[in-house]
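K.L.:
Mind having a look at this structure? Questions to follow.
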Amino acid sequence: MPGLRLHLAVAVRSFRRWSTYRAATLSGIFTNSVFGVINAFVLLAVWRANPGAGGYDATDAVTYVWLGQSMIMTIMLWGGGAPSDLAERIRTGDVALDLYRPVGLLSWYLAADAGRAVFHLLTRGVAPTVVGALLFDLRYPDGPLTVLAFALSVVLALLVSFAVRMLVAVAGFWVLDSQGLTMTANLLAIFFSGITLPLVLFPGWLGEVAMVLPWASYLQVPADVWLGQRTGGALVGGLALQVGWAVLLLGATALVLRAAERKVVVQGG
């Protein structure tokens with residue numbers, strides 16, 4: 001219980017920290033809304049030329065766009081969040097203070113990222129979705145079980161995203177500058193998450209590979225759950241894919257952190 005209260009306090013303070021950036025939040029909501037409108041019309045043109053592409057109809061495609069805009073900051077698709085704070089502390093050597101805390105780095109920063117995610121879900125997640133609902137005909141879950149499955153999928157998406165970002169951050173224990181790794185991870189996320197183009201449109205083997213990579217857990221799987229594209233065994237398979245990647249990547253991050261804790265060398269000595 002003391003550990004739970006500590007992590008809850010970390011999450012609450014992270015929420016409050018991000019809530020102070022009101023101007024950035026409002027500008028982000030505006031940006032997400034504008035890009036949502038643009039991308040919605042682009043996909044409408046695609047589906048007008050090829051109805052039923054990827055098993056979606058035009059309403060599915062437009063809904064997918066707005067789900068993507070609501071998920072971008074919730075899961076930090078572009079990178080950032082608490083793992084970026086850790087990367088900077090590794091670079092400066094301040095991470096040595098973190099290692100003295102009577103709590104693991106992984107759970108501490110996961111709690112901080114969870115608090116941030118809740119803030120972004122309630123602001124840059126909800127607001128663009130409302131804009132999309134007012135401007136377009138969107139598809140909604142067909143029942144409470146679908147809503148619960150979608151909520152679980154979003155949580156798992158955050159865990160996978162956090163694990164990827166954390167792995168990149170802790171690479172800073174061995175490299176002088178992790179910016180190159182960060183940019184590479186961000187590019188992979190942009191392409192394979194489905195934020196640029198739904199993965200259901202990827203042809204042949206590329207689509208099959210993309211659907212089982214960890215980045216598919218960011219957006220494509222939660223969106224398919226919301227749209228009712230995953231039911232029964234397909235739903236279980238999608239959630240299992242997310243769970244598998246979350247466990248694998250978080251486990252790998254824990255092992256890397258354990259190796260780093262044995263011998264920490266920071267810039268300057």
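Naming scheme: A, B, ... for chains in displayed order of the structure tokens; residues 1 onward per chain; ligands 1 onward as shown.
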Per residue of segment 101-187 of chain A within 8 Å of segment 5-8 of chain A, note the shortest atom pair and the distance in Å to one decimal, counting only C-alpha atoms, and order the rows by chain and increasing residue number, as a Markdown table.

P.N.:
```
| residue | atom | partner | partner_atom | distance |
| --- | --- | --- | --- | --- |
| A:Ser107 | CA | A:His7 | CA | 7.6 |
| A:Trp108 | CA | A:His7 | CA | 6.5 |
| A:Ala111 | CA | A:His7 | CA | 5.6 |
| A:Ala112 | CA | A:His7 | CA | 8.0 |
```

K.L.:
What lies within 8 Å of Val168 of chain A using only C-alpha atoms, ignoring chain neighbours under 4 positions off, as JSON, numbers by chain?

P.N.:
{"A": [164, 172, 178, 181, 182, 185]}

K.L.:
Can you tell me, as a PyMOL selection string, what residues are no more than 12 Å from segment 134-136 of chain A when counting only C-alpha atoms, ignoring any on the same chain fewer than 5 positions away?

P.N.:
chain A and resi 33-34+36-38+40-41+44+58-66+127-129

K.L.:
Identify all residues of segment 11-220 of chain A in helix (DSSP H, G or I) (DSSP on the backbone) and supply them as JSON, numbers by chain.

P.N.:
{"A": [11, 12, 13, 14, 15, 16, 17, 18, 19, 22, 23, 24, 25, 26, 27, 28, 29, 30, 31, 32, 33, 34, 35, 36, 37, 38, 39, 40, 41, 42, 43, 44, 45, 46, 47, 48, 49, 53, 54, 55, 58, 59, 60, 61, 62, 63, 64, 65, 66, 67, 68, 69, 70, 71, 82, 83, 84, 85, 86, 87, 88, 89, 90, 91, 92, 95, 96, 97, 98, 105, 106, 107, 108, 109, 110, 111, 112, 113, 114, 115, 116, 117, 118, 119, 120, 121, 122, 123, 124, 125, 126, 127, 128, 129, 130, 131, 132, 133, 134, 135, 144, 145, 146, 147, 148, 149, 150, 151, 152, 153, 154, 155, 156, 157, 158, 159, 160, 161, 162, 163, 164, 165, 166, 167, 168, 169, 170, 171, 172, 173, 179, 180, 181, 182, 183, 184, 185, 186, 187, 188, 189, 190, 191, 192, 199, 200, 201, 204, 205, 206, 207, 208, 209, 210, 214, 215, 216, 217, 220]}

K.L.:
Write out as a list in words which residues come within 12 Å of Thr184 of chain A when counting only C-alpha atoms, dropping same-chain ones fewer than 3 positions away.

P.N.:
Trp78, Gly79, Val164, Arg165, Val168, Ser178, Gln179, Gly180, Leu181, Leu187, Leu188, Ala189, Ile190 and Phe191 of chain A

K.L.:
For the residues selected in the previous step, produce a file with C-alpha atoms as a CSV table (one decimal), in the first residue's frame.

P.N.:
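Contents of the output file out.csv:
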```
chain,number,residue,atom,x,y,z
A,78,TRP,CA,6.1,11.1,-31.5
A,79,GLY,CA,8.2,10.2,-28.4
A,164,VAL,CA,9.8,1.6,-26.4
A,165,ARG,CA,10.5,5.1,-25.3
A,168,VAL,CA,15.6,4.3,-26.1
A,178,SER,CA,20.5,9.2,-27.7
A,179,GLN,CA,19.0,11.7,-30.1
A,180,GLY,CA,19.7,9.5,-33.1
A,181,LEU,CA,18.0,6.5,-31.5
A,187,LEU,CA,10.2,7.4,-37.6
A,188,LEU,CA,9.4,3.8,-37.1
A,189,ALA,CA,6.4,4.7,-34.9
A,190,ILE,CA,5.1,7.2,-37.5
A,191,PHE,CA,5.2,4.6,-40.3
```

K.L.:
Any idea what's packed within 10 Å of Val160 of chain A, counting only C-alpha atoms, ignoring anything in its chain fewer than 5 positions away? Could you give it as a PDB file with N, CA, C and O atoms, in the first residue's frame?

P.N.:
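Generated file (out36.pdb):
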```pdb
ATOM      1  N   ILE A  75      -0.593   8.482 -26.054  1.00  0.00           N
ATOM      2  CA  ILE A  75       0.453   7.466 -26.006  1.00  0.00           C
ATOM      3  C   ILE A  75       1.824   8.020 -26.371  1.00  0.00           C
ATOM      4  O   ILE A  75       2.802   7.276 -26.414  1.00  0.00           O
ATOM      5  N   VAL A 154      -6.274   0.739 -25.033  1.00  0.00           N
ATOM      6  CA  VAL A 154      -5.563   2.018 -24.916  1.00  0.00           C
ATOM      7  C   VAL A 154      -4.509   1.944 -23.808  1.00  0.00           C
ATOM      8  O   VAL A 154      -3.383   2.432 -23.958  1.00  0.00           O
ATOM      9  N   VAL A 155      -4.864   1.326 -22.681  1.00  0.00           N
ATOM     10  CA  VAL A 155      -3.899   1.159 -21.580  1.00  0.00           C
ATOM     11  C   VAL A 155      -2.708   0.340 -22.050  1.00  0.00           C
ATOM     12  O   VAL A 155      -1.544   0.676 -21.772  1.00  0.00           O
ATOM     13  N   ARG A 165       9.814   3.850 -25.612  1.00  0.00           N
ATOM     14  CA  ARG A 165      10.465   5.120 -25.281  1.00  0.00           C
ATOM     15  C   ARG A 165      11.478   4.959 -24.162  1.00  0.00           C
ATOM     16  O   ARG A 165      12.544   5.584 -24.154  1.00  0.00           O
ATOM     17  N   MET A 166      11.163   4.093 -23.206  1.00  0.00           N
ATOM     18  CA  MET A 166      12.071   3.863 -22.078  1.00  0.00           C
ATOM     19  C   MET A 166      13.337   3.142 -22.534  1.00  0.00           C
ATOM     20  O   MET A 166      14.439   3.457 -22.082  1.00  0.00           O
ATOM     21  N   PRO A 214       5.428  -4.081 -32.762  1.00  0.00           N
ATOM     22  CA  PRO A 214       4.923  -3.403 -31.555  1.00  0.00           C
ATOM     23  C   PRO A 214       4.182  -2.115 -31.844  1.00  0.00           C
ATOM     24  O   PRO A 214       3.250  -1.758 -31.119  1.00  0.00           O
ATOM     25  N   TRP A 215       4.545  -1.405 -32.927  1.00  0.00           N
ATOM     26  CA  TRP A 215       3.920  -0.116 -33.207  1.00  0.00           C
ATOM     27  C   TRP A 215       2.460  -0.258 -33.628  1.00  0.00           C
ATOM     28  O   TRP A 215       1.699   0.693 -33.491  1.00  0.00           O
ATOM     29  N   ALA A 216       2.060  -1.436 -34.094  1.00  0.00           N
ATOM     30  CA  ALA A 216       0.646  -1.653 -34.414  1.00  0.00           C
ATOM     31  C   ALA A 216      -0.217  -1.535 -33.160  1.00  0.00           C
ATOM     32  O   ALA A 216      -1.407  -1.232 -33.242  1.00  0.00           O
ATOM     33  N   SER A 217       0.394  -1.775 -31.999  1.00  0.00           N
ATOM     34  CA  SER A 217      -0.332  -1.662 -30.730  1.00  0.00           C
ATOM     35  C   SER A 217      -0.675  -0.221 -30.391  1.00  0.00           C
ATOM     36  O   SER A 217      -1.574   0.023 -29.581  1.00  0.00           O
ATOM     37  N   TYR A 218       0.038   0.736 -30.989  1.00  0.00           N
ATOM     38  CA  TYR A 218      -0.174   2.146 -30.655  1.00  0.00           C
ATOM     39  C   TYR A 218      -1.564   2.626 -31.076  1.00  0.00           C
ATOM     40  O   TYR A 218      -2.270   3.249 -30.295  1.00  0.00           O
ATOM     41  N   GLN A 242      -0.798  -7.019 -27.861  1.00  0.00           N
ATOM     42  CA  GLN A 242      -0.394  -5.878 -27.051  1.00  0.00           C
ATOM     43  C   GLN A 242       0.220  -6.325 -25.724  1.00  0.00           C
ATOM     44  O   GLN A 242       1.246  -5.786 -25.300  1.00  0.00           O
ATOM     45  N   VAL A 243      -0.408  -7.291 -25.076  1.00  0.00           N
ATOM     46  CA  VAL A 243       0.116  -7.801 -23.808  1.00  0.00           C
ATOM     47  C   VAL A 243       1.504  -8.396 -24.013  1.00  0.00           C
ATOM     48  O   VAL A 243       2.432  -8.156 -23.225  1.00  0.00           O
ATOM     49  N   GLY A 244       1.651  -9.175 -25.082  1.00  0.00           N
ATOM     50  CA  GLY A 244       2.935  -9.808 -25.353  1.00  0.00           C
ATOM     51  C   GLY A 244       4.056  -8.793 -25.541  1.00  0.00           C
ATOM     52  O   GLY A 244       5.138  -8.926 -24.952  1.00  0.00           O
ATOM     53  N   TRP A 245       3.800  -7.765 -26.349  1.00  0.00           N
ATOM     54  CA  TRP A 245       4.819  -6.751 -26.571  1.00  0.00           C
ATOM     55  C   TRP A 245       5.091  -5.949 -25.307  1.00  0.00           C
ATOM     56  O   TRP A 245       6.235  -5.585 -25.022  1.00  0.00           O
ATOM     57  N   ALA A 246       4.055  -5.655 -24.530  1.00  0.00           N
ATOM     58  CA  ALA A 246       4.246  -4.904 -23.286  1.00  0.00           C
ATOM     59  C   ALA A 246       5.135  -5.683 -22.321  1.00  0.00           C
ATOM     60  O   ALA A 246       6.082  -5.129 -21.744  1.00  0.00           O
ATOM     61  N   VAL A 247       4.843  -6.965 -22.143  1.00  0.00           N
ATOM     62  CA  VAL A 247       5.634  -7.800 -21.234  1.00  0.00           C
ATOM     63  C   VAL A 247       7.068  -7.933 -21.732  1.00  0.00           C
ATOM     64  O   VAL A 247       8.036  -7.787 -20.966  1.00  0.00           O
ATOM     65  N   LEU A 248       7.217  -8.201 -23.023  1.00  0.00           N
ATOM     66  CA  LEU A 248       8.555  -8.393 -23.593  1.00  0.00           C
ATOM     67  C   LEU A 248       9.397  -7.123 -23.479  1.00  0.00           C
ATOM     68  O   LEU A 248      10.561  -7.167 -23.031  1.00  0.00           O
ATOM     69  N   LEU A 249       8.831  -5.988 -23.865  1.00  0.00           N
ATOM     70  CA  LEU A 249       9.596  -4.742 -23.886  1.00  0.00           C
ATOM     71  C   LEU A 249       9.854  -4.207 -22.480  1.00  0.00           C
ATOM     72  O   LEU A 249      10.945  -3.691 -22.198  1.00  0.00           O
ATOM     73  N   LEU A 250       8.869  -4.313 -21.595  1.00  0.00           N
ATOM     74  CA  LEU A 250       9.098  -3.881 -20.211  1.00  0.00           C
ATOM     75  C   LEU A 250      10.126  -4.778 -19.534  1.00  0.00           C
ATOM     76  O   LEU A 250      10.957  -4.301 -18.747  1.00  0.00           O
TER      77      LEU A 250
END
```

K.L.:
For Val42 of chain A, which residue out of A:Ala23, A:Leu213, A:Ala117, A:Leu197 is the nearest one, using only C-alpha atoms?

P.N.:
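Looking only at the distances to Val42 of chain A, the closest residue turns out to be A:Leu197.
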
K.L.:
Kindly indicate which residue among A:Gln220, A:Ser14, A:Thr146, A:Ser84 lies nearest to Phe162 of chain A, using only C-alpha atoms for the distances.

P.N.:
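Among A:Gln220, A:Ser14, A:Thr146, A:Ser84, it is A:Ser84 that comes nearest to Phe162 of chain A.
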
K.L.:
Identify, on the basis of only C-alpha atoms, every residue whose closest approach to Thr25 of chain A does not exceed 12 Å; exclude the query and any residue fewer than 5 positions from it along the same chain; express the result as a CSV table (one decimal) with N, CA, C and O atoms, in the first residue's frame.

P.N.:
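Result saved to around_37.csv:
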```
chain,number,residue,atom,x,y,z
A,18,TRP,N,1.8,18.7,-16.2
A,18,TRP,CA,1.4,18.9,-17.6
A,18,TRP,C,0.2,19.9,-17.7
A,18,TRP,O,0.1,20.6,-18.8
A,19,SER,N,-0.6,20.0,-16.7
A,19,SER,CA,-1.8,20.8,-16.8
A,19,SER,C,-1.4,22.3,-16.7
A,19,SER,O,-2.2,23.2,-17.0
A,20,THR,N,-0.1,22.6,-16.3
A,20,THR,CA,0.3,24.0,-16.3
A,20,THR,C,0.6,24.6,-17.7
A,20,THR,O,0.6,25.8,-17.8
A,30,PHE,N,-6.0,22.6,-31.2
A,30,PHE,CA,-6.3,23.2,-32.5
A,30,PHE,C,-5.5,22.5,-33.6
A,30,PHE,O,-6.1,22.2,-34.7
A,31,THR,N,-4.2,22.2,-33.4
A,31,THR,CA,-3.4,21.5,-34.4
A,31,THR,C,-4.0,20.2,-34.7
A,31,THR,O,-4.1,19.8,-35.9
A,32,ASN,N,-4.3,19.4,-33.7
A,32,ASN,CA,-4.9,18.1,-33.9
A,32,ASN,C,-6.2,18.1,-34.7
A,32,ASN,O,-6.5,17.3,-35.5
A,73,MET,N,-1.0,12.2,-28.6
A,73,MET,CA,-0.4,12.6,-27.3
A,73,MET,C,-0.7,11.7,-26.2
A,73,MET,O,0.1,11.6,-25.2
A,119,PHE,N,-3.8,13.2,-18.4
A,119,PHE,CA,-4.0,14.6,-18.8
A,119,PHE,C,-4.3,14.8,-20.3
A,119,PHE,O,-5.2,15.4,-20.7
A,120,HIS,N,-3.4,14.2,-21.1
A,120,HIS,CA,-3.6,14.3,-22.5
A,120,HIS,C,-4.8,13.6,-23.0
A,120,HIS,O,-5.4,14.1,-24.0
A,121,LEU,N,-5.2,12.5,-22.4
A,121,LEU,CA,-6.4,11.9,-22.8
A,121,LEU,C,-7.7,12.8,-22.6
A,121,LEU,O,-8.5,12.9,-23.5
A,122,LEU,N,-7.7,13.4,-21.5
A,122,LEU,CA,-8.8,14.3,-21.1
A,122,LEU,C,-8.8,15.6,-21.9
A,122,LEU,O,-9.9,16.3,-21.9
A,123,THR,N,-7.7,16.0,-22.4
A,123,THR,CA,-7.6,17.3,-23.2
A,123,THR,C,-7.4,17.0,-24.7
A,123,THR,O,-8.4,17.1,-25.4
A,124,ARG,N,-6.3,16.7,-25.1
A,124,ARG,CA,-6.0,16.5,-26.5
A,124,ARG,C,-6.5,15.2,-27.0
A,124,ARG,O,-6.4,14.9,-28.2
A,125,GLY,N,-7.1,14.4,-26.1
A,125,GLY,CA,-7.8,13.2,-26.6
A,125,GLY,C,-9.3,13.4,-26.8
A,125,GLY,O,-9.8,13.2,-27.9
A,127,ALA,N,-11.1,16.5,-26.8
A,127,ALA,CA,-11.5,17.7,-27.5
A,127,ALA,C,-11.4,17.4,-29.0
A,127,ALA,O,-12.4,17.8,-29.7
A,128,PRO,N,-10.4,16.9,-29.6
A,128,PRO,CA,-10.4,16.7,-31.1
A,128,PRO,C,-11.5,15.7,-31.5
A,128,PRO,O,-12.1,15.8,-32.6
```

K.L.:
Which is closest to Ser161 of chain A among A:Ala114, A:Leu227, A:Val95, A:Leu255, if we use only C-alpha atoms?

P.N.:
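Answer, going by the shortest atom-to-atom distance: A:Ala114.
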
K.L.:
Quick one: of A:Leu105, A:Leu201, A:Met76, A:Leu158, who's nearest to Gly55 of chain A, counting only C-alpha atoms?

P.N.:
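Checking each candidate against Gly55 of chain A, we get A:Leu201 as the closest.
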
K.L.:
Taking into account only C-alpha atoms, which residue in the set A:Leu199, A:Leu257, A:Leu235, A:Leu145 is nearest to Leu219 of chain A?

P.N.:
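Under the stated criterion, the closest residue is A:Leu199.
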
K.L.:
Hey, which of A:Ile72, A:Ala96, A:Leu156, A:Ala24 ends up closest to Ala240 of chain A? Count only C-alpha atoms.

P.N.:
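The closest residue to Ala240 of chain A is A:Leu156.
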